[in-house]
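Trainee: Below you'll find coords_26.json; it's JSON, C-alpha atoms.
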[["chain", "number", "residue", "atom", "x", "y", "z"],
["A", 1, "MET", "CA", 65.28, 18.17, 16.81],
["A", 2, "LYS", "CA", 67.62, 15.22, 17.06],
["A", 3, "VAL", "CA", 67.48, 12.86, 20.00],
["A", 4, "VAL", "CA", 69.92, 10.09, 20.79],
["A", 5, "ALA", "CA", 69.41, 7.69, 23.65],
["A", 6, "VAL", "CA", 70.80, 4.63, 25.36],
["A", 7, "THR", "CA", 68.56, 2.15, 27.14],
["A", 8, "ALA", "CA", 69.72, -0.54, 29.54],
["A", 9, "CYS", "CA", 68.25, -2.47, 32.46],
["A", 10, "PRO", "CA", 69.62, -5.08, 34.87],
["A", 11, "THR", "CA", 68.36, -8.23, 33.14],
["A", 12, "GLY", "CA", 68.42, -6.68, 29.71],
["A", 13, "VAL", "CA", 65.58, -8.66, 28.20],
["A", 14, "ALA", "CA", 62.47, -6.51, 28.34],
["A", 15, "HIS", "CA", 62.71, -2.99, 29.77],
["A", 16, "THR", "CA", 65.70, -2.13, 27.60],
["A", 17, "TYR", "CA", 63.73, -2.76, 24.44],
["A", 18, "MET", "CA", 60.43, -1.37, 25.67],
["A", 19, "ALA", "CA", 62.17, 1.86, 26.61],
["A", 20, "GLN", "CA", 63.73, 1.95, 23.15],
["A", 21, "GLU", "CA", 60.30, 1.51, 21.57],
["A", 22, "ALA", "CA", 58.72, 4.14, 23.80],
["A", 23, "ILE", "CA", 61.38, 6.72, 22.94],
["A", 24, "GLU", "CA", 61.28, 5.97, 19.23],
["A", 25, "LYS", "CA", 57.49, 6.11, 19.12],
["A", 26, "GLU", "CA", 57.23, 9.40, 20.94],
["A", 27, "CYS", "CA", 59.99, 10.98, 18.82],
["A", 28, "LYS", "CA", 58.39, 9.84, 15.59],
["A", 29, "LYS", "CA", 55.08, 11.26, 16.75],
["A", 30, "ARG", "CA", 56.83, 14.59, 17.19],
["A", 31, "GLY", "CA", 58.73, 14.38, 13.94],
["A", 32, "TYR", "CA", 62.12, 14.23, 15.66],
["A", 33, "THR", "CA", 65.12, 12.36, 14.36],
["A", 34, "VAL", "CA", 65.95, 9.63, 16.82],
["A", 35, "GLN", "CA", 68.54, 6.93, 17.34],
["A", 36, "VAL", "CA", 68.43, 4.60, 20.31],
["A", 37, "GLU", "CA", 71.28, 2.33, 21.33],
["A", 38, "THR", "CA", 70.33, -0.70, 23.40],
["A", 39, "GLN", "CA", 72.67, -2.39, 25.83],
["A", 40, "GLY", "CA", 70.91, -5.59, 26.77],
["A", 41, "SER", "CA", 71.47, -9.30, 27.07],
["A", 42, "MET", "CA", 72.00, -9.47, 23.31],
["A", 43, "GLY", "CA", 74.89, -7.05, 23.63],
["A", 44, "ILE", "CA", 75.03, -3.57, 22.16],
["A", 45, "ASP", "CA", 72.72, -2.86, 19.25],
["A", 46, "ASN", "CA", 72.42, 0.22, 17.13],
["A", 47, "GLU", "CA", 75.62, 1.62, 18.64],
["A", 48, "LEU", "CA", 75.93, 5.41, 18.64],
["A", 49, "GLU", "CA", 79.02, 6.83, 17.00],
["A", 50, "GLN", "CA", 80.62, 9.91, 18.49],
["A", 51, "GLU", "CA", 79.42, 11.99, 15.54],
["A", 52, "ASP", "CA", 75.82, 10.82, 16.09],
["A", 53, "ILE", "CA", 76.07, 12.06, 19.65],
["A", 54, "ASP", "CA", 77.83, 15.30, 18.78],
["A", 55, "SER", "CA", 75.14, 16.25, 16.30],
["A", 56, "ALA", "CA", 72.26, 15.50, 18.68],
["A", 57, "ASP", "CA", 70.33, 18.25, 20.42],
["A", 58, "VAL", "CA", 69.68, 16.14, 23.43],
["A", 59, "VAL", "CA", 70.72, 12.82, 24.97],
["A", 60, "ILE", "CA", 68.44, 10.55, 27.00],
["A", 61, "LEU", "CA", 70.13, 7.94, 29.14],
["A", 62, "ALA", "CA", 67.36, 5.60, 30.19],
["A", 63, "VAL", "CA", 69.63, 3.28, 32.10],
["A", 64, "ALA", "CA", 69.33, 1.42, 35.38],
["A", 65, "ILE", "CA", 72.86, 0.01, 35.27],
["A", 66, "SER", "CA", 76.24, 1.40, 34.38],
["A", 67, "ILE", "CA", 76.71, 1.38, 30.62],
["A", 68, "GLU", "CA", 79.53, 0.86, 28.17],
["A", 69, "GLY", "CA", 81.02, 3.93, 26.59],
["A", 70, "GLU", "CA", 79.54, 6.50, 28.94],
["A", 71, "GLU", "CA", 82.50, 8.78, 28.17],
["A", 72, "ARG", "CA", 81.00, 9.39, 24.73],
["A", 73, "PHE", "CA", 78.46, 11.65, 26.42],
["A", 74, "GLU", "CA", 80.86, 13.76, 28.48],
["A", 75, "GLU", "CA", 80.68, 16.81, 26.28],
["A", 76, "LYS", "CA", 76.86, 16.73, 26.19],
["A", 77, "GLU", "CA", 76.92, 16.18, 29.93],
["A", 78, "ASP", "CA", 79.00, 19.32, 30.42],
["A", 79, "GLY", "CA", 76.60, 21.21, 28.20],
["A", 80, "GLY", "CA", 73.68, 20.11, 30.38],
["A", 81, "LYS", "CA", 72.08, 18.24, 27.52],
["A", 82, "VAL", "CA", 71.82, 14.80, 29.08],
["A", 83, "LEU", "CA", 68.68, 13.55, 30.78],
["A", 84, "HIS", "CA", 69.17, 10.62, 33.16],
["A", 85, "ILE", "CA", 66.05, 8.60, 33.85],
["A", 86, "ASP", "CA", 64.93, 5.14, 34.80],
["A", 87, "PRO", "CA", 63.89, 3.00, 31.81],
["A", 88, "ALA", "CA", 60.53, 2.32, 33.50],
["A", 89, "ASP", "CA", 59.74, 6.04, 33.58],
["A", 90, "VAL", "CA", 60.03, 6.51, 29.86],
["A", 91, "ILE", "CA", 57.98, 3.39, 29.21],
["A", 92, "LYS", "CA", 55.19, 4.73, 31.41],
["A", 93, "HIS", "CA", 55.40, 8.41, 30.56],
["A", 94, "PRO", "CA", 57.13, 8.90, 27.20],
["A", 95, "ALA", "CA", 55.55, 12.30, 26.52],
["A", 96, "ASP", "CA", 56.62, 13.76, 29.89],
["A", 97, "ILE", "CA", 60.17, 12.53, 29.44],
["A", 98, "LEU", "CA", 60.44, 13.98, 25.95],
["A", 99, "ASP", "CA", 59.07, 17.28, 27.25],
["A", 100, "ARG", "CA", 61.74, 17.29, 29.90],
["A", 101, "ALA", "CA", 64.47, 16.46, 27.40],
["A", 102, "GLU", "CA", 63.28, 19.17, 25.09],
["A", 103, "ASN", "CA", 63.48, 21.74, 27.87],
["A", 104, "LEU", "CA", 67.07, 21.00, 28.84],
["B", 1, "MET", "CA", 64.92, -24.69, 17.01],
["B", 2, "SER", "CA", 61.60, -25.08, 15.26],
["B", 3, "ASP", "CA", 61.54, -21.99, 13.11],
["B", 4, "VAL", "CA", 63.78, -19.14, 12.10],
["B", 5, "ASN", "CA", 62.53, -16.78, 14.74],
["B", 6, "GLY", "CA", 62.59, -19.31, 17.51],
["B", 7, "VAL", "CA", 59.05, -18.26, 18.29],
["B", 8, "GLN", "CA", 57.61, -21.68, 18.85],
["B", 9, "ASP", "CA", 60.31, -22.39, 21.35],
["B", 10, "VAL", "CA", 59.62, -19.26, 23.35],
["B", 11, "ILE", "CA", 55.82, -19.16, 23.42],
["B", 12, "GLU", "CA", 53.96, -22.36, 24.06],
["B", 13, "LYS", "CA", 50.21, -22.70, 24.11],
["B", 14, "ASP", "CA", 50.42, -24.41, 27.46],
["B", 15, "MET", "CA", 52.06, -21.29, 28.86],
["B", 16, "ILE", "CA", 49.10, -19.07, 27.98],
["B", 17, "LEU", "CA", 46.68, -18.93, 30.89],
["B", 18, "LEU", "CA", 43.53, -16.92, 30.26],
["B", 19, "GLY", "CA", 40.75, -15.84, 32.61],
["B", 20, "GLN", "CA", 42.55, -16.72, 35.83],
["B", 21, "ASP", "CA", 40.74, -15.65, 38.96],
["B", 22, "LEU", "CA", 43.88, -14.55, 40.79],
["B", 23, "ALA", "CA", 44.55, -11.18, 42.37],
["B", 24, "THR", "CA", 48.00, -11.20, 43.93],
["B", 25, "LYS", "CA", 51.51, -11.20, 42.54],
["B", 26, "ASP", "CA", 52.42, -14.26, 44.58],
["B", 27, "ASP", "CA", 49.53, -16.36, 43.31],
["B", 28, "VAL", "CA", 50.16, -15.36, 39.72],
["B", 29, "LEU", "CA", 53.88, -16.05, 39.87],
["B", 30, "ARG", "CA", 53.34, -19.36, 41.63],
["B", 31, "LEU", "CA", 50.92, -20.59, 38.99],
["B", 32, "LEU", "CA", 53.11, -19.48, 36.09],
["B", 33, "VAL", "CA", 56.23, -21.00, 37.62],
["B", 34, "GLU", "CA", 54.41, -24.24, 38.37],
["B", 35, "THR", "CA", 53.18, -24.37, 34.78],
["B", 36, "ALA", "CA", 56.71, -23.70, 33.51],
["B", 37, "GLU", "CA", 58.00, -26.69, 35.44],
["B", 38, "LYS", "CA", 55.20, -28.91, 34.17],
["B", 39, "ASN", "CA", 56.18, -27.95, 30.65],
["B", 40, "GLY", "CA", 59.83, -28.71, 31.20],
["B", 41, "LEU", "CA", 61.01, -25.12, 30.84],
["B", 42, "ILE", "CA", 62.63, -25.06, 34.26],
["B", 43, "THR", "CA", 64.09, -27.90, 36.27],
["B", 44, "GLU", "CA", 63.02, -26.60, 39.67],
["B", 45, "GLN", "CA", 60.44, -24.07, 40.85],
["B", 46, "THR", "CA", 61.88, -22.47, 43.96],
["B", 47, "PRO", "CA", 65.14, -20.99, 42.62],
["B", 48, "PHE", "CA", 63.37, -19.43, 39.67],
["B", 49, "LEU", "CA", 60.51, -18.07, 41.75],
["B", 50, "GLU", "CA", 63.08, -16.57, 44.09],
["B", 51, "ALA", "CA", 64.96, -14.97, 41.20],
["B", 52, "ALA", "CA", 61.76, -13.39, 39.92],
["B", 53, "LEU", "CA", 60.73, -12.18, 43.36],
["B", 54, "GLN", "CA", 64.18, -10.77, 43.97],
["B", 55, "ARG", "CA", 63.92, -8.79, 40.76],
["B", 56, "GLU", "CA", 60.51, -7.54, 41.89],
["B", 57, "ALA", "CA", 61.98, -6.46, 45.19],
["B", 58, "GLN", "CA", 64.50, -4.24, 43.38],
["B", 59, "VAL", "CA", 61.89, -2.51, 41.27],
["B", 60, "PRO", "CA", 58.41, -3.89, 40.62],
["B", 61, "THR", "CA", 57.95, -4.80, 36.97],
["B", 62, "ALA", "CA", 54.50, -3.32, 36.41],
["B", 63, "ILE", "CA", 55.20, -0.98, 33.52],
["B", 64, "GLY", "CA", 51.84, 0.71, 33.13],
["B", 65, "TYR", "CA", 49.36, -0.23, 30.40],
["B", 66, "ARG", "CA", 47.84, -2.88, 32.75],
["B", 67, "ILE", "CA", 50.91, -5.04, 32.25],
["B", 68, "ALA", "CA", 53.61, -6.53, 34.43],
["B", 69, "ILE", "CA", 56.64, -8.32, 33.07],
["B", 70, "PRO", "CA", 58.20, -10.21, 35.97],
["B", 71, "HIS", "CA", 61.38, -11.96, 34.98],
["B", 72, "GLY", "CA", 64.09, -14.09, 36.41],
["B", 73, "LYS", "CA", 67.50, -15.24, 35.35],
["B", 74, "SER", "CA", 68.44, -18.57, 36.83],
["B", 75, "GLU", "CA", 70.42, -21.68, 36.10],
["B", 76, "VAL", "CA", 67.25, -23.76, 36.51],
["B", 77, "VAL", "CA", 65.88, -22.18, 33.32],
["B", 78, "LYS", "CA", 66.61, -24.49, 30.41],
["B", 79, "ARG", "CA", 65.97, -21.97, 27.64],
["B", 80, "PRO", "CA", 64.40, -18.53, 27.40],
["B", 81, "PHE", "CA", 60.62, -18.59, 27.59],
["B", 82, "VAL", "CA", 57.62, -16.36, 28.04],
["B", 83, "GLY", "CA", 54.44, -17.31, 29.87],
["B", 84, "MET", "CA", 51.34, -15.17, 29.84],
["B", 85, "LEU", "CA", 48.58, -14.96, 32.41],
["B", 86, "GLN", "CA", 45.44, -12.94, 31.98],
["B", 87, "ALA", "CA", 43.61, -12.19, 35.22],
["B", 88, "THR", "CA", 39.82, -11.91, 35.34],
["B", 89, "SER", "CA", 40.10, -8.38, 36.77],
["B", 90, "ASP", "CA", 42.75, -5.75, 37.19],
["B", 91, "PHE", "CA", 44.57, -5.94, 40.50],
["B", 92, "LEU", "CA", 47.27, -4.05, 42.34],
["B", 93, "TRP", "CA", 50.61, -5.56, 41.33],
["B", 94, "THR", "CA", 52.68, -4.30, 44.25],
["B", 95, "GLU", "CA", 51.50, -3.02, 47.60],
["B", 96, "GLY", "CA", 52.38, 0.66, 47.92],
["B", 97, "HIS", "CA", 52.64, 1.24, 44.17],
["B", 98, "GLU", "CA", 49.90, 2.55, 41.96],
["B", 99, "GLU", "CA", 50.02, 0.17, 39.00],
["B", 100, "GLU", "CA", 47.14, -2.22, 38.44],
["B", 101, "VAL", "CA", 47.61, -5.09, 36.03],
["B", 102, "LYS", "CA", 45.56, -7.60, 34.10],
["B", 103, "LEU", "CA", 48.18, -9.15, 31.85],
["B", 104, "ILE", "CA", 51.30, -10.69, 33.28],
["B", 105, "PHE", "CA", 54.17, -11.92, 31.16],
["B", 106, "LEU", "CA", 56.65, -14.08, 33.00],
["B", 107, "ILE", "CA", 60.02, -14.13, 31.29],
["B", 108, "GLY", "CA", 62.62, -16.75, 32.12],
["B", 109, "VAL", "CA", 66.20, -16.64, 30.95],
["B", 110, "PRO", "CA", 69.06, -19.03, 31.68],
["B", 111, "GLN", "CA", 72.04, -17.82, 33.66],
["B", 112, "GLU", "CA", 74.37, -18.34, 30.72],
["B", 113, "ASN", "CA", 73.13, -16.93, 27.52],
["B", 114, "GLU", "CA", 73.51, -18.60, 24.19],
["B", 115, "HIS", "CA", 70.01, -18.08, 23.00],
["B", 116, "ASN", "CA", 70.01, -14.79, 21.16],
["B", 117, "ILE", "CA", 67.27, -15.86, 18.81],
["B", 118, "HIS", "CA", 64.91, -16.32, 21.74],
["B", 119, "LEU", "CA", 65.96, -13.08, 23.35],
["B", 120, "LYS", "CA", 65.35, -11.32, 20.07],
["B", 121, "PHE", "CA", 61.78, -12.56, 20.14],
["B", 122, "ILE", "CA", 61.32, -11.48, 23.76],
["B", 123, "SER", "CA", 62.59, -8.01, 22.88],
["B", 124, "LYS", "CA", 60.15, -7.83, 19.98],
["B", 125, "LEU", "CA", 57.31, -8.93, 22.22],
["B", 126, "SER", "CA", 58.25, -6.31, 24.79],
["B", 127, "LYS", "CA", 58.11, -3.60, 22.14],
["B", 128, "LYS", "CA", 54.86, -4.87, 20.72],
["B", 129, "LEU", "CA", 53.20, -4.52, 24.12],
["B", 130, "LEU", "CA", 53.31, -0.76, 23.65],
["B", 131, "ASP", "CA", 51.00, -1.17, 20.67],
["B", 132, "ASP", "CA", 47.50, -0.29, 21.93],
["B", 133, "GLU", "CA", 45.57, -2.45, 19.53],
["B", 134, "PHE", "CA", 47.71, -5.51, 20.10],
["B", 135, "ARG", "CA", 47.52, -5.12, 23.86],
["B", 136, "ASP", "CA", 43.78, -4.52, 23.97],
["B", 137, "GLU", "CA", 43.13, -7.66, 22.03],
["B", 138, "LEU", "CA", 45.24, -9.72, 24.42],
["B", 139, "VAL", "CA", 43.59, -8.11, 27.45],
["B", 140, "ASP", "CA", 40.14, -9.17, 26.24],
["B", 141, "CYS", "CA", 41.09, -12.42, 24.57],
["B", 142, "THR", "CA", 39.13, -15.49, 25.65],
["B", 143, "ASP", "CA", 40.62, -17.97, 23.22],
["B", 144, "VAL", "CA", 44.04, -19.50, 23.76],
["B", 145, "GLU", "CA", 44.41, -20.24, 20.06],
["B", 146, "ARG", "CA", 43.86, -16.57, 19.22],
["B", 147, "ALA", "CA", 46.21, -15.38, 21.95],
["B", 148, "TYR", "CA", 48.84, -17.78, 20.66],
["B", 149, "GLU", "CA", 48.31, -16.55, 17.13],
["B", 150, "LEU", "CA", 48.74, -12.94, 18.24],
["B", 151, "LEU", "CA", 51.91, -13.65, 20.16],
["B", 152, "HIS", "CA", 53.23, -15.85, 17.42],
["B", 153, "SER", "CA", 52.71, -13.11, 14.83],
["B", 154, "ILE", "CA", 55.39, -11.03, 16.51],
["B", 155, "GLY", "CA", 58.00, -13.33, 15.07],
["B", 156, "ASN", "CA", 57.01, -12.37, 11.56],
["B", 157, "PRO", "CA", 59.23, -9.80, 9.92],
["B", 158, "ALA", "CA", 57.91, -6.30, 10.56]]
Could you write out this structure as C-alpha cells?

Mentor:
Amino acid sequence: MKVVAVTACPTGVAHTYMAQEAIEKECKKRGYTVQVETQGSMGIDNELEQEDIDSADVVILAVAISIEGEERFEEKEDGGKVLHIDPADVIKHPADILDRAENL
Amino acid sequence: MSDVNGVQDVIEKDMILLGQDLATKDDVLRLLVETAEKNGLITEQTPFLEAALQREAQVPTAIGYRIAIPHGKSEVVKRPFVGMLQATSDFLWTEGHEEEVKLIFLIGVPQENEHNIHLKFISKLSKKLLDDEFRDELVDCTDVERAYELLHSIGNPA
C-alpha cells in the first residue's frame, strides 16, 4: 500500500506538521509506504512529483486551505482515490482516517 | 540567533507556566499573552490576543491528546515564539466541543515571515506532541527546568 498526502492549514505553523506526523506514524505502523508534502509557512516541503502520485494507491488531502498544484491529483480524483479531510481530523483520529482511505 | 536551531529564541523559561489554576480559554490566553508582553515577545497585547481568538473562532485549536495549540499571526509579534501553560486540571477548551485540555501551547508568529529557523522548531515541536511519552512527561511535569529541557531537546537532530 502506498499513500501520498498533502497537509496544509491556514496559519501553516502547527497543524500542517502535526497532520504530517500523524499520517506518517499511522502508515509506518501499518507498514505502508508514505510520502507527505507539507504546504506551510515555510513553503512547500517534500514536494510530490507526478510519478509519486501516479504510483500511489490512495491520496489524502488533509488541507484546510486551497493548495498549490492541486491539478496533480486530478487523475486520482477521477478514480475516486482521493480522501479530503480536515487536518485536525487526522491528528485526532489517524487510524479512522487511514481506514477510510484504505476503503476508497 | 543563539544556536543553530534557534531553540533558545523560541522557547524561554519565562514562557513556561506550570500548575496554573485556570480553567477557561480566555484566562489561559490572557495570562500567556500578558507574559509574552512582559518578556518582550510582542509589543502590544490586544492585537495578538484578538488574532489568537479569531483563529479559535474559525476552528478551535484543541487537537486531542489533552492539548490545545492556539496561535496568532500579528504584526505586534516581534519573532516567532512558543509559550506553554500547564493547567492544574483538565478543562473544556471550547464550549460546545468535546475536547478537554491540560497543556496549552501558545504560538506567535509575525505577520511577515523571515524566521524559518524558528518555524522549523515550532513544526518539530508540533510533531513531537504526538509522542505519548514526551507528552505525558510534560503533562505531569512540576519543574520548569525539566520542562525547558524537554522542549529544548526537540531542537537536537533526530

Trainee: Give me, as a PDB file with C-alpha atoms, keeping the file's coordinate frame, the residues of chain A touching chain B, with the criterion being at most 8 Å (counting all atoms listed in the file).

Mentor:
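As written to disk, result34.pdb reads:
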ATOM      1  CA  THR A  11      68.360  -8.230  33.140  1.00  0.00           C
ATOM      2  CA  VAL A  13      65.580  -8.660  28.200  1.00  0.00           C
ATOM      3  CA  ALA A  14      62.470  -6.510  28.340  1.00  0.00           C
ATOM      4  CA  HIS A  15      62.710  -2.990  29.770  1.00  0.00           C
ATOM      5  CA  TYR A  17      63.730  -2.760  24.440  1.00  0.00           C
ATOM      6  CA  MET A  18      60.430  -1.370  25.670  1.00  0.00           C
ATOM      7  CA  GLN A  20      63.730   1.950  23.150  1.00  0.00           C
ATOM      8  CA  GLU A  21      60.300   1.510  21.570  1.00  0.00           C
ATOM      9  CA  ALA A  22      58.720   4.140  23.800  1.00  0.00           C
ATOM     10  CA  SER A  41      71.470  -9.300  27.070  1.00  0.00           C
ATOM     11  CA  MET A  42      72.000  -9.470  23.310  1.00  0.00           C
ATOM     12  CA  ALA A  88      60.530   2.320  33.500  1.00  0.00           C
ATOM     13  CA  ILE A  91      57.980   3.390  29.210  1.00  0.00           C
ATOM     14  CA  LYS A  92      55.190   4.730  31.410  1.00  0.00           C
TER      15      LYS A  92
END

Trainee: Can you tell me, as a tab-separated table (two decimals) with C-alpha atoms, keeping the file's coordinate frame, which residues sit within 7 Å of (67.5, 2.4, 20.3) in the file's frame, using all atoms listed in the file?

Mentor:
chain	number	residue	atom	x	y	z
A	5	ALA	CA	69.41	7.69	23.65
A	6	VAL	CA	70.80	4.63	25.36
A	7	THR	CA	68.56	2.15	27.14
A	20	GLN	CA	63.73	1.95	23.15
A	35	GLN	CA	68.54	6.93	17.34
A	36	VAL	CA	68.43	4.60	20.31
A	37	GLU	CA	71.28	2.33	21.33
A	38	THR	CA	70.33	-0.70	23.40
A	46	ASN	CA	72.42	0.22	17.13

Trainee: To one decimal in Å, tell me the separation between atom CA of Ile11 of chain B and atom CA of Phe81 of chain B.

Mentor: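 Computed distance, atom CA of Ile11 of chain B to atom CA of Phe81 of chain B, equals 6.4 Å.
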
Trainee: Provide the atom CA of Ser66 of chain A to atom CA of Lys25 of chain A distance in Å, to one decimal place.

Mentor: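 Taking atom CA of Ser66 of chain A and atom CA of Lys25 of chain A, their separation equals 24.6 Å.
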
Trainee: What's around segment 29-33 of chain B at 8 Å? Count all atoms listed in the file, leave out sequence neighbours fewer than 3 positions away in its own chain, and write the answer as a count of residues only.

Mentor: 12
